[in-house]
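Participant: Following this message is one structure expressed as structure tokens.
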Amino acid sequence: QSELRTKLLKAFSEADGEFISGQKISELIGCSRTAVWKHVEELRKDGYELEAVRRQGYRITKKPDKVSENEIQLGLKTKMMGRYIHFEQIVGSTQKIAQSLATEGAVEGTIVVADQQTSGRGRMSRSWYSPSGTGIWMSMIIRPNIPIHSTPQLTLLTAVAVVQAIEEETKLKPDIKWPNDILINGKKVVGILTELQAEADQVHSVIIGTGINVNQKLEEFPEELQNIATSIQIETGIIWERALLIQTMLLKFEKLYLLYLTQGFKPIKLLWESYAISLNKEIVARTLNGSFQGKAIGINDQGVLLIELSDGSIKEIYSADIDA
Ligand code: BT5
């Protein structure tokens, strides 16, 4: 999304369905009236419906924001990620579909995207709220040649890719909370779920599910999520094109993944640490084997969280919910 286009969409978003005059638009986005007309035509080509009325100006009557194959494919700059796209309007969970595609031999980089999930999954059989028309519900299939114990690194890698994509497109500065939450202003905007197909210590495929709240309004979240969840639209006041965010996310992921395959986890770890919020803070890690309180001192080269307990010993945490 070019900067002008972002400004234009923001102006329309703020006008909330009312007309804005061509003059006002050209002032707001700092370009000529002719350029305004050109940008409006470009929006039309992308599926926006705009009404133009003499002496009143323009208003958007319908936004496209679709996430089907065409929208994702058009303008996708990756070599591998998303080269095969499985899209469905409504699914139970994209993870489940990706699991069966992986079993059937889907190529690396295959993605499964749905507009809506009726039983979106979180970790430990929690549910993930995935309404239609507003979010990115996507599962990626990759086939890295790594041992099983290294796979948590891919969750961290994915978190970095998503943060970089959100940063680049929206200029927001999301934080990562170990291991799989991405927060904006302390509220969860993204969740990541990594699942494996493996035999002995050989990984066959890794299915990485990413849920990104893009265009939900606060009141559209169920009550129990309203205090803990947010969306990119809530944080920016702008409606975002989901397909564009997917494209950017896939490109970032592909770059990091290639870096990871050639240079290992080290460079990813450095990036991850630069976005992490809970490091060097007192936290409580709730695990299946009980809660551990201490100072989060970092992650090790496997991507495992290290907590310094009050007796000075270091506890390795493989999977947990973190209270800061
Ligand atoms: C996660 O689990 O954060 C992983 C979410 C992964 C979702 C993606 S969507 C595409 C793919 N297909 C799937 O079926 N899943 C993946 P966890 O850390 O366990 O967090 C789950 C908790 O987050 C829930 O118990 C709620 O408290 C909260 N939550 C649920 N829906 C949310 C939403 N849309 N936004 C923010 N928080 C949510």
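We name chains A, B, ... following the order of the structure tokens; residues begin at 1 in each chain, and ligands are numbered from 1 as shown.
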Please write out the residues within 8 Å of ligand 1 as a ChimeraX atom specification, counting only C-alpha atoms and all ligand atoms.
Facilitator: /A:92-96,113,117,119-130,136-139,180-181,187-193,208-213,221,224-225,228-231,321
Participant: If you keep C-alpha atoms, can you produce a file of those selected residues as a JSON list (two decimals), in the first residue's frame?
Facilitator:
[["chain", "number", "residue", "atom", "x", "y", "z"],
["A", 92, "GLY", "CA", -13.78, -25.71, 10.54],
["A", 93, "SER", "CA", -10.07, -25.04, 10.90],
["A", 94, "THR", "CA", -7.44, -24.28, 8.27],
["A", 95, "GLN", "CA", -5.04, -26.36, 10.38],
["A", 96, "LYS", "CA", -7.09, -29.46, 9.81],
["A", 113, "VAL", "CA", -6.68, -19.64, 3.77],
["A", 117, "GLN", "CA", -13.43, -20.62, 10.66],
["A", 119, "SER", "CA", -13.86, -24.11, 14.99],
["A", 120, "GLY", "CA", -10.59, -22.20, 14.87],
["A", 121, "ARG", "CA", -8.08, -23.69, 17.28],
["A", 122, "GLY", "CA", -5.66, -22.24, 19.76],
["A", 123, "ARG", "CA", -3.12, -24.19, 21.77],
["A", 124, "MET", "CA", -4.18, -26.88, 24.23],
["A", 125, "SER", "CA", -7.60, -27.23, 22.60],
["A", 126, "ARG", "CA", -8.56, -23.63, 23.26],
["A", 127, "SER", "CA", -10.63, -21.97, 20.60],
["A", 128, "TRP", "CA", -9.72, -19.15, 18.25],
["A", 129, "TYR", "CA", -12.45, -16.68, 17.33],
["A", 130, "SER", "CA", -12.43, -16.40, 13.51],
["A", 136, "ILE", "CA", -6.53, -13.64, 8.28],
["A", 137, "TRP", "CA", -6.95, -17.30, 9.09],
["A", 138, "MET", "CA", -4.12, -19.09, 7.39],
["A", 139, "SER", "CA", -2.05, -22.26, 7.69],
["A", 180, "ASN", "CA", 3.20, -17.21, 20.24],
["A", 181, "ASP", "CA", 1.37, -13.98, 21.02],
["A", 187, "LYS", "CA", -3.70, -6.65, 23.56],
["A", 188, "LYS", "CA", -3.51, -9.75, 21.41],
["A", 189, "VAL", "CA", -3.73, -9.10, 17.69],
["A", 190, "VAL", "CA", -2.16, -12.35, 16.42],
["A", 191, "GLY", "CA", -1.95, -15.94, 17.60],
["A", 192, "ILE", "CA", 0.30, -18.63, 16.16],
["A", 193, "LEU", "CA", -0.18, -22.37, 16.41],
["A", 208, "ILE", "CA", 2.03, -23.14, 11.05],
["A", 209, "GLY", "CA", -1.34, -21.54, 11.70],
["A", 210, "THR", "CA", -1.58, -17.79, 11.98],
["A", 211, "GLY", "CA", -4.65, -15.88, 13.09],
["A", 212, "ILE", "CA", -4.47, -12.12, 12.55],
["A", 213, "ASN", "CA", -7.25, -9.78, 13.63],
["A", 221, "PHE", "CA", -15.41, -9.24, 19.55],
["A", 224, "GLU", "CA", -14.78, -12.15, 26.97],
["A", 225, "LEU", "CA", -12.22, -11.04, 24.38],
["A", 228, "ILE", "CA", -7.65, -8.83, 25.80],
["A", 229, "ALA", "CA", -7.95, -8.69, 22.01],
["A", 230, "THR", "CA", -7.45, -5.99, 19.41],
["A", 231, "SER", "CA", -7.33, -5.66, 15.63],
["A", 321, "ASP", "CA", 1.14, -19.20, 29.18]]
Participant: Could you pull the residues within 6 Å of segment 5-16 of chain A, counting only C-alpha atoms, minus those fewer than 2 positions along the same chain, as a short mmCIF file (atom, residue, chain, number, x, y, z; two decimals) with C-alpha atoms, in the first residue's frame?
Facilitator:
data_model
loop_
_atom_site.label_atom_id
_atom_site.label_comp_id
_atom_site.auth_asym_id
_atom_site.auth_seq_id
_atom_site.Cartn_x
_atom_site.Cartn_y
_atom_site.Cartn_z
CA SER A 2 1.69 3.21 -1.07
CA GLU A 3 1.70 6.04 1.41
CA GLU A 18 -20.02 10.49 3.66
CA ILE A 29 -3.07 13.64 0.81
CA ILE A 238 -8.17 2.17 8.86
#
Participant: At a cut-off of 7 Å, using only C-alpha atoms, what residues contact Gln153 of chain A? Leave out same-chain residues fewer than 4 positions from it and give the result as a ChimeraX atom specification.
Facilitator: /A:157,302-303
Participant: Leaving out Ile207 of chain A and any residue of its chain fewer than 2 positions from it, which residues lie within 6 Å of it when counting only C-alpha atoms, given as a list of chain:residue names?
Facilitator: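 The contact residues come out as A:Met140, A:Ile141, A:Thr194, A:Glu195.
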Participant: Output C-alpha atoms for every residue in that selection, as a PDB file, in the first residue's frame.
Facilitator:
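Saved as again23.pdb:
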ATOM      1  CA  MET A 140       1.304 -22.702   5.970  1.00  0.00           C
ATOM      2  CA  ILE A 141       2.894 -26.057   5.180  1.00  0.00           C
ATOM      3  CA  THR A 194       2.583 -24.730  15.243  1.00  0.00           C
ATOM      4  CA  GLU A 195       1.802 -28.382  14.683  1.00  0.00           C
TER       5      GLU A 195
END
Participant: Give the helix (DSSP H, G or I) residues of segment 107-245 of chain A, as assigned by DSSP on the backbone, as a ChimeraX atom specification.
Facilitator: /A:148-150,152-170,218-220,223-225,232-236,242-245
Participant: So which residues touch Val160 of chain A within 8 Å, counting only C-alpha atoms, skipping near sequence neighbours fewer than 6 positions away, as a ChimeraX atom specification?
Facilitator: /A:176,268,271-272,275
Participant: Keeping C-alpha atoms, export the residues of the selection given above as a PDB file, in the first residue's frame.
Facilitator:
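That gives us selection_8.pdb:
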ATOM      1  CA  ILE A 176       6.031 -10.411  20.798  1.00  0.00           C
ATOM      2  CA  ILE A 268      16.275 -15.183  13.944  1.00  0.00           C
ATOM      3  CA  LEU A 271      15.470 -10.351  15.602  1.00  0.00           C
ATOM      4  CA  TRP A 272      12.996 -12.065  17.907  1.00  0.00           C
ATOM      5  CA  TYR A 275      10.603  -7.426  19.457  1.00  0.00           C
TER       6      TYR A 275
END
Participant: Using only C-alpha atoms, can you tell me which of A:Leu256, A:Ala165, A:Ile72, A:Ala114 comes closest to Phe87 of chain A?
Facilitator: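 Nearest to Phe87 of chain A: A:Ala114.
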Participant: From the options A:Asn185, A:Asn145, A:Gln247, A:Asn300, which residue's atoms come nearest to Leu270 of chain A, counting only C-alpha atoms?
Facilitator: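 Result for the nearest residue to Leu270 of chain A: A:Asn300.
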Participant: Could you list, as a PyMOL selection string, every residue within 7 Å of segment 67-71 of chain A, counting only C-alpha atoms and ignoring same-chain residues fewer than 5 positions away?
Facilitator: chain A and resi 85+87+115+242-243
Participant: Measure the distance from atom CA of Leu309 of chain A to atom CA of Lys295 of chain A in Å and round it to one decimal.
Facilitator: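 Result for atom CA of Leu309 of chain A versus atom CA of Lys295 of chain A: 6.7 Å, one decimal.
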Participant: Select from segment 71-152 of chain A everything DSSP, run on the backbone, classes as strand (DSSP E or B), then give the selection as a ChimeraX atom specification.
Facilitator: /A:85-91,111-117,120-121,127-128,135-142,147
Participant: Would you mind telling me which residue in A:Met249, A:Leu156, A:Ala276, A:Ile239 lies nearest to Asp301 of chain A when using only C-alpha atoms?
Facilitator: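 Closest to Asp301 of chain A of all the choices is A:Leu156.
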Participant: When distances are computed from only C-alpha atoms, which of A:Ala35, A:Val214, A:Leu259, A:Leu244 shows the smallest separation from Gly135 of chain A?
Facilitator: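 The answer is A:Val214, which sits nearest to Gly135 of chain A.
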